[in-house]
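Below: the structure, in structure tokens.
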Amino acid sequence: MNDNLDLFTTEHNELAQLLDRLDTIPPEEIRDKWPRFLVDLVDVLAHELARLDVSEAQLVAMKLAICISNYFGGRAVYLPTGEVLRAALRDYEIYAQFCGNNIDELIEKYGLTQSHIYDILRKQRQLHRRRYQPDMLDALE
């Protein structure tokens with residue numbers, strides 16, 4: 001994607017001019033003409049932006065959906081299911097909550113087996129180590 005950044009910047013600048021005028025068009029007029037997927041995407045984005053207390057969440061969501069559509073439109077794009085993302089966040093939480101002697105508590109809280117908890121801790125420890133203690137050989141490259 002880095003090779004596309006210059007092209008993307010030029011293309012995005014042109015798109016930005018259109019996005020700046022988006023607030024002059026009634027949202028229902030735009031939504032009536034959009035494909036159902038984009039309408040749903042706007043709803044999901046607007047809901048999360050509102051939860052984060054972003055002002056003009058609906059307008060920002062529409063602009064983001066247009067940007068996403070402009071860049072990814074027409075491509076076959078795979079989006080992982082929420083289950084994969086939730087499991088990754090759960091694993092991070094398990095690692096953060098582990099204090100050395102609370103395996104039984106984690107087993108009960110997350111409904112996982114002891115071996116699964118230990119496997120998660122091992123993998124998270126490796127990720128944590130790579131994140132905060134980069135390999136010295138990587139620095140030489």
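Each chain in the structure tokens gets a letter, A, B and so on, in the order shown; residues start at 1 in every chain, and ligands are counted from 1 in the order they appear.
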
Surrounding residues of range 59-67 of chain A excluding itself and chain neighbours under 2 positions, 8 Å, only C-alpha atoms, as a PyMOL selection string: chain A and resi 12+15+19+22-23+38+41-43+45-46+49+56-57+69-71

CA of Asn102 in chain A sits from CA of Leu121 in chain A at a separation of 12.1 Å

Do a neighbour search on Glu93 in chain A at 12 Å with only C-alpha atoms, toss out local chain neighbours closer than 5 positions, and write the hits as a list of chain:residue names.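 The neighbour list is A:Arg86, A:Ala87, A:Ala88, A:Phe98, A:Cys99, A:Leu106, A:Lys109, A:Tyr110, A:Ile117, A:Ile120, A:Leu121, A:Gln124.
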
Please provide the set of residues having any atom within 8 Å of Asp104 in chain A, restricted to only C-alpha atoms, with same-chain residues fewer than 3 positions apart removed, written as a ChimeraX atom specification. /A:107-108,114

CA of Ile94 in chain A to CA of Tyr118 in chain A, distance in Å rounded to a single decimal: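 Straight-line distance from CA of Ile94 in chain A to CA of Tyr118 in chain A works out to 10.0 Å.
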
Based on DSSP run over this structure's backbone, return all residues of chain A in helix (DSSP H, G or I), as a ChimeraX atom specification. /A:2-20,22-24,27-33,36-51,57-72,82-97,103-110,114-132,136-140

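One distance worth recording is that between CA of His128 in chain A and CA of Ala96 in chain A, which is 10.4 Å.
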